[in-house]
Amino acid sequence: MLSTAKRSRWALGTAVLSALMVTAACAPGSGSSASSPSESTLPTSSAAETNMSSSGPVANPSSGSSESTSEAASSSAEPAPEGPVKLIVWGWLGDQVDNFNTKIFPVFTKSHPNISVEYRAFPADGYETQLTTGLAGSNGPDVVTLQAYGILQKHIDAGRLLELDDSVVPGLSKFGTTLLDGARSTKNGNVYGVPFAVQTAGIFYNKKIFADNGITVPTTWDEFTAAADKLKANGVIPLAWNFKDTWETPLYHEIFGAAVYGGDDFTKKFLAGQAKMTDPSYVSSMAVIDSLKPYLPESFSSLSYSDATTLFSSGRAAMVPDGVWNVTSFREVNSELDLGFFPAPPGPDAALDHPVVTSYVDGSFGVNVASTHRDASVELIRWMATPEFGGLFSKVLGQISAVPGVEPSDPVVKQTLDASKQYPHTYLCYAFLNGGTPPCDQLVSQGIQQMLLGKSTPAQVAASVQRGLDQWFKPKN
Amino acid sequence: MVQTEELSGRTATRQHHGRGDRTRLWWGLAFILPALALYGVFIIYPLITTVMWSLYRWDGIQAIGLAGLDNFRATFTTYPFNEQLLPAAFNNLKFFIVSAILQLGFGLMLAVLLRRRRRTRVWLQAAYTLPFMLSPLIIGYVWALLLNPIFGPVRGAMDAVGLGSLYAPWLGQESTALVAMGVINSWQSIGLPMLLFYAALSAIPNEIYEAARCDGCSTWQSFRLISLPLIMPTVLTLTLLTFIWSFNVFDLAYAIGGPNGSPGGATDVLGLLFYRVAFTGSSNALGSASAMATMLFALLLACSALVMHLRQRFEQRT
């Protein structure tokens with residue numbers, strides 16, 4: 001009897017201990033456990049699959065992965081890469097894998113018959129973890145998609161990326177300082193990637209609903225609220241809104257608040273230590289978001305990003321604040337949608353008398369220093385700086401290419417680009433204030449949630465953002 | 001099989017004392033080696049590295065020096081994490097209470113009811129256990145869709161049967177979001193307590209019940225006086241496991257409230273806080289996240305030790 005009790009206690013003890021240890025074993029970088037939650041977050045089913053296959057051509061499908069690895073390594077040890085080379089490109093655009101592999105990279109292979117290229121996607125949320133591991137290993141990718149601004153700094157610091165300039169990638173300097181800032185080291189100012197996309201944001205609207213309700217595109221804040229009131233009175237949701245997926249919340253603040261806090265002027269002053277988030281203009285920019293509450297859908301606090309997209313595309317909401325990348329989704333949900341775009345007019349107490357259109361570099365392509373096919377990789381990113389790649393990227397993905405001189409083919413996308421050139425503004429949180437703990441976008445999105453739930457005031461949100469940033473952000477005088 | 005019987009026979013008679021013990025030890029080791037190796041690589045090794053990492057300062061993925069206890073101190077002093085730590089821990093506790101009450105209560109009820117169904121039992125058991133097989137992420141996203149106030153079918157169904165006034169966007173309200181999450185979690189994991197309770201109830205010899213019936217016990221009395229005390233160890237085990245799972249919850253919370261515990265931090269739990277510290281921001285994220293993981297581990301280890309101690313005392317008393 002006693003021994004059974006003892007044994008069962010042992011069994012329980014072991015069970016409890018192993019359940020416990022999962023907690024501690026879940027630290028970042030500890031392999032599969034860290035990436036598993038995000039693996040199923042996004043609908044990119046290929047993640048686990050792509051993870052498994054090794055880089056380099058696998059001649060014999062039955063051979064183990066270790067065999068093929070050594071094969072790839074030994075072939076590249078020879079100085080002249082005569083034979084065919086297969087490059088692996090990593091990125092986070094899970095829904096574009098086919099586009100890359102069947103429509104974009106084959107064009108490169110046509111002019112470089114010895115080099116074939118494969119795009120492999122990982123879920124966006126876990127991408128940084130994946131990339132950190134991939135760049136550290138010996139069997140990682142050749143060319144990598146890098147997130148823009150402060151996020152890529154840790155890979156630069158770790159010496160994982162090839163430094164680029166005009167001698168490596170001809171024409172790189174033609175991209176212009178603003179774009180290259182997205183791929184630059186904050187420490188030595190050198191560039192480590194070829195920017196590929198520019199994102200812009202503003203208000204997208206349903207032209208038909210506007211016409212049916214006798215509304216024209218508002219150019220002042222009063223016209224905007226009058227239009228929203230009219231829509232609401234007519235039973236149309238004025239603004240579709242995503243409350244739940246908080247990565248977008250700071251972008252909402254940019255769309256409605258940037259002109260109020262003063263756009264790039266404020267950014268310059270803030271970075272130089274001459275302005276604070278607690279300044280009246282920034283507090284007003286938060287108040288503008290708070291004033292939108294009457295125009296949001298009923299029980300908006302349950303709505304996610306896809307809910308907002310569906311509400312707008314299906315014609316139940318007249319407007320949605322969003323990024324230009326979502327234009328393809330709007331059209332996919334409803335191909336009949338008569339889509340329009342306008343920048344939000346400057347709100348009450350705005351520091352600027354004109355609207356601004358927030359834009360930012362979405363990311364860049366860089367070369368893994370440890371790549372066994374460095375020459376071929378450099379060939380590839382050289383091509384990525386050409387109008388041929390830019391044109392394909394713009395046409396196939398429906399996004400704004402970063403390559404100079406490439407025009408978007410979608411008229412609405414082109415309109416957002418033109419507007420962002422007319423009223424330029426760089427995404428404050430994402431581009432400048434996300435490189436520390438706590439990052440700006442987290443402080444802003446948590447603050448705005450509290451404010452919309454009626455638990456804090458605009459001034460409290462602004463104070464919280466400043467307090468959080470004060471802990472790590474040092475202004476450059 | 002034959003060999004093990006032989007071995008146990010030999011040790012039982014204690015004839016070849018030393019040699020038998022050693023052979024037995026080697027055999028034992030050989031059998032547990034594969035499991036031990038896996039356990040070591042995937043559990044013990046990351047655990048030890050996590051504790052070690054928490055003591056270093058990091059620049060990206062390079063350790064740049066010893067940090068001592070700085071990473072631990074930072075967890076309690078960095079705004080806004082310091083102000084989110086306690087509410088998150090309380091949310092874990094609330095989530096545990098809701099889950100424990102529902103899972104243990106309904107799990108036991110289902111187990112008792114299933115014992116009376118001879119033909120449909122296997123099918124019902126499978127049906128109740130089915131959601132347990134799915135990832136909590138899927139469960140979370142599916143329930144968020146079902147309960148969606150605009151597109152979700154639950155509201156439509158309630159409207160159709162005249163219960164529309166009872167509907168509320170449960171996952172979107174601060175007051176109800178966490179409880180709703182607990183209910184969803186219990187719905188998913190009800191299968192395990194049900195199976196364990198069923199096994200525990202089946203292990204009670206029928207003679208005891210027969211004797212009780214002869215003594216004039218009612219059904220309720222025999223449940224309260226015989227079944228319940230005899231399945232108490234299972235109750236404690238399940239409570240402890242629910243406790244650990246509740247404090248480790250991440251995927252369900254992430255699917256329902258996103259990384260910030262929407263709405264307004266109502267579903268924020270330690271797992272999400274840990275995620276925010278680990279996967280955003282500074283180059284020392286590895287250090288601070290490891291420190292948080294180590295503390296969470298220590299907390300759960302202490303709580304578990306306490307409950308195990310209680311269980312031991314309970315067993316000695318009976």
# chains A, B, ... in the order shown; residues from 1 in each chain; ligands from 1
$ select_by_dssp --residues "segment 87-295 of chain B" --states "alpha helix (DSSP H)" --output "PyMOL selection string"
chain B and resi 87-115+121-129+136-146+153-160+177-189+191-202+206-214+219-222+228-230+232-248+251-257+270-279+285-295
$ interface_residues --of "chain B" --to "chain A" --cutoff "7 Å" --atoms "only C-alpha atoms" --output "PyMOL selection string"
chain B and resi 43+46-47+50+60+79-80+148+169+171-172+241+244+248+251+257-258+260+262-264+278+280-283+286+289-290+293-294+297+300-301
$ residues_around --residues "segment 424-429 of chain A" --least-positions-apart "6" --cutoff "10 Å" --atoms "only C-alpha atoms" --output "NGL selection string"
:A and (178 or 199-201 or 250-251 or 253-255 or 258-259 or 262-268 or 270-271 or 355-361 or 417-418 or 435 or 439-444)
$ residues_around --residues "segment 178-180 of chain B" --least-positions-apart "4" --cutoff "9 Å" --atoms "only C-alpha atoms" --output "number ranges by chain"
B: 91, 94-95, 98-99, 170-171, 174, 184-185, 253, 266-268
$ write_last_selection --atoms "N, CA, C and O atoms" --output "PDB file, in the first residue's frame"
ATOM      1  N   ASN B  91      -4.817  38.542 -12.938  1.00  0.00           N
ATOM      2  CA  ASN B  91      -5.620  37.970 -14.020  1.00  0.00           C
ATOM      3  C   ASN B  91      -5.364  36.476 -14.151  1.00  0.00           C
ATOM      4  O   ASN B  91      -6.298  35.703 -14.392  1.00  0.00           O
ATOM      5  N   LYS B  94      -7.363  34.895 -11.350  1.00  0.00           N
ATOM      6  CA  LYS B  94      -8.792  34.866 -11.662  1.00  0.00           C
ATOM      7  C   LYS B  94      -9.080  33.787 -12.707  1.00  0.00           C
ATOM      8  O   LYS B  94     -10.057  33.040 -12.610  1.00  0.00           O
ATOM      9  N   PHE B  95      -8.206  33.747 -13.697  1.00  0.00           N
ATOM     10  CA  PHE B  95      -8.353  32.763 -14.774  1.00  0.00           C
ATOM     11  C   PHE B  95      -8.287  31.354 -14.195  1.00  0.00           C
ATOM     12  O   PHE B  95      -9.062  30.469 -14.570  1.00  0.00           O
ATOM     13  N   VAL B  98     -11.679  30.617 -12.190  1.00  0.00           N
ATOM     14  CA  VAL B  98     -12.774  30.302 -13.111  1.00  0.00           C
ATOM     15  C   VAL B  98     -12.556  28.915 -13.733  1.00  0.00           C
ATOM     16  O   VAL B  98     -13.461  28.067 -13.751  1.00  0.00           O
ATOM     17  N   SER B  99     -11.333  28.674 -14.218  1.00  0.00           N
ATOM     18  CA  SER B  99     -11.048  27.393 -14.881  1.00  0.00           C
ATOM     19  C   SER B  99     -11.202  26.232 -13.915  1.00  0.00           C
ATOM     20  O   SER B  99     -11.771  25.193 -14.267  1.00  0.00           O
ATOM     21  N   TRP B 170     -18.992  39.737 -25.094  1.00  0.00           N
ATOM     22  CA  TRP B 170     -18.258  39.322 -23.887  1.00  0.00           C
ATOM     23  C   TRP B 170     -16.754  39.500 -23.993  1.00  0.00           C
ATOM     24  O   TRP B 170     -16.115  39.888 -23.028  1.00  0.00           O
ATOM     25  N   LEU B 171     -16.220  39.193 -25.164  1.00  0.00           N
ATOM     26  CA  LEU B 171     -14.763  39.285 -25.280  1.00  0.00           C
ATOM     27  C   LEU B 171     -14.298  40.729 -25.466  1.00  0.00           C
ATOM     28  O   LEU B 171     -13.115  41.021 -25.369  1.00  0.00           O
ATOM     29  N   GLU B 174     -14.367  44.877 -20.835  1.00  0.00           N
ATOM     30  CA  GLU B 174     -13.345  44.659 -19.812  1.00  0.00           C
ATOM     31  C   GLU B 174     -13.873  43.808 -18.669  1.00  0.00           C
ATOM     32  O   GLU B 174     -13.140  43.007 -18.090  1.00  0.00           O
ATOM     33  N   ILE B 184     -14.064  29.592 -22.044  1.00  0.00           N
ATOM     34  CA  ILE B 184     -13.586  28.973 -23.287  1.00  0.00           C
ATOM     35  C   ILE B 184     -12.512  27.936 -22.975  1.00  0.00           C
ATOM     36  O   ILE B 184     -12.517  26.820 -23.500  1.00  0.00           O
ATOM     37  N   ASN B 185     -11.608  28.299 -22.074  1.00  0.00           N
ATOM     38  CA  ASN B 185     -10.536  27.381 -21.687  1.00  0.00           C
ATOM     39  C   ASN B 185     -11.109  26.110 -21.073  1.00  0.00           C
ATOM     40  O   ASN B 185     -10.673  25.001 -21.380  1.00  0.00           O
ATOM     41  N   ALA B 253      -4.747  33.356 -24.585  1.00  0.00           N
ATOM     42  CA  ALA B 253      -4.824  34.794 -24.303  1.00  0.00           C
ATOM     43  C   ALA B 253      -4.387  35.596 -25.521  1.00  0.00           C
ATOM     44  O   ALA B 253      -4.988  36.612 -25.859  1.00  0.00           O
ATOM     45  N   ALA B 266      -7.508  43.817 -20.064  1.00  0.00           N
ATOM     46  CA  ALA B 266      -8.390  42.967 -19.277  1.00  0.00           C
ATOM     47  C   ALA B 266      -8.001  41.495 -19.369  1.00  0.00           C
ATOM     48  O   ALA B 266      -8.254  40.723 -18.449  1.00  0.00           O
ATOM     49  N   THR B 267      -7.400  41.082 -20.470  1.00  0.00           N
ATOM     50  CA  THR B 267      -6.977  39.686 -20.598  1.00  0.00           C
ATOM     51  C   THR B 267      -5.461  39.563 -20.558  1.00  0.00           C
ATOM     52  O   THR B 267      -4.897  38.580 -21.015  1.00  0.00           O
ATOM     53  N   ASP B 268      -4.811  40.590 -19.996  1.00  0.00           N
ATOM     54  CA  ASP B 268      -3.349  40.543 -19.908  1.00  0.00           C
ATOM     55  C   ASP B 268      -2.940  39.535 -18.838  1.00  0.00           C
ATOM     56  O   ASP B 268      -3.411  39.597 -17.711  1.00  0.00           O
TER      57      ASP B 268
END
$ atom_distance --atom1 "atom CA of Glu315 of chain B" --atom2 "atom CA of Ser246 of chain B"
25.3 Å
$ closest_residue --among "B:Pro233, B:Leu225, B:Phe274, B:Leu104" --to "Gln316 of chain B" --atoms "only C-alpha atoms"
B:Pro233
$ closest_residue --among "B:Ile138, B:Leu110, B:Leu145, B:Met232" --to "Met194 of chain B" --atoms "only C-alpha atoms"
B:Leu110
$ closest_residue --among "A:Met286, A:Ser456, A:Phe393, A:Met384" --to "Asn99 of chain A" --atoms "only C-alpha atoms"
A:Phe393
$ closest_residue --among "A:Leu164, A:Leu337, A:Leu352, A:Ile209" --to "Ser314 of chain A" --atoms "only C-alpha atoms"
A:Leu337
$ atom_distance --atom1 "atom CA of Gly191 of chain B" --atom2 "atom CA of Pro131 of chain B"
8.0 Å
$ closest_residue --among "A:Ser371, A:Leu131, A:Arg316, A:Val396" --to "Phe100 of chain A" --atoms "only C-alpha atoms"
A:Val396
$ atom_distance --atom1 "atom CA of Gly366 of chain A" --atom2 "atom CA of Gly193 of chain A"
4.3 Å
$ select_by_dssp --residues "segment 59-187 of chain B" --states "strand (DSSP E or B)" --output "MDAnalysis selection string"
chainID B and resid 59 62:66
$ closest_residue --among "A:Pro343, A:Trp90, A:Gly214, A:Lys232" --to "Ser420 of chain A" --atoms "only C-alpha atoms"
A:Pro343
$ residues_around --residues "Val198 of chain A" --least-positions-apart "4" --cutoff "12 Å" --atoms "only C-alpha atoms" --output "short mmCIF file (atom, residue, chain, number, x, y, z; two decimals) with C-alpha atoms, in the first residue's frame"
data_model
loop_
_atom_site.label_atom_id
_atom_site.label_comp_id
_atom_site.auth_asym_id
_atom_site.auth_seq_id
_atom_site.Cartn_x
_atom_site.Cartn_y
_atom_site.Cartn_z
CA ALA A 148 13.39 48.72 -41.16
CA PHE A 175 17.38 55.69 -53.41
CA THR A 178 15.03 59.12 -46.46
CA LEU A 179 14.63 55.63 -47.88
CA LEU A 180 18.12 54.45 -46.98
CA GLY A 182 15.35 52.55 -43.11
CA VAL A 194 18.30 47.53 -50.43
CA GLY A 323 -2.14 51.38 -44.66
CA VAL A 324 -1.79 51.16 -48.43
CA TRP A 325 -0.77 47.49 -48.21
CA THR A 358 2.59 59.13 -42.94
CA SER A 359 4.97 56.92 -44.85
CA TYR A 360 7.82 54.62 -43.91
CA VAL A 361 10.23 52.12 -45.35
CA ASP A 362 8.77 48.67 -44.91
CA GLY A 363 12.01 46.75 -45.08
CA SER A 364 15.05 45.94 -47.13
CA GLY A 390 10.82 47.33 -58.76
CA PHE A 393 7.27 44.04 -57.22
CA SER A 394 4.86 46.89 -57.75
CA GLY A 398 0.30 45.81 -55.67
CA GLN A 399 2.59 47.74 -53.35
CA ILE A 400 4.79 50.79 -53.67
CA SER A 401 8.28 49.82 -54.78
CA ALA A 402 11.17 51.66 -53.18
CA VAL A 403 13.22 51.60 -56.41
CA PRO A 404 13.54 55.17 -57.74
CA VAL A 406 9.03 52.97 -60.46
CA GLU A 407 5.40 54.07 -60.48
CA PRO A 408 2.63 52.00 -58.83
CA VAL A 413 -1.93 53.29 -54.57
CA LYS A 414 -0.39 55.91 -56.84
CA THR A 416 -1.39 57.70 -51.79
CA LEU A 417 2.21 57.89 -53.02
CA SER A 420 2.84 61.34 -49.37
CA LYS A 421 5.26 63.17 -51.64
CA THR A 426 7.81 59.69 -41.40
CA TYR A 427 6.12 57.32 -38.92
#
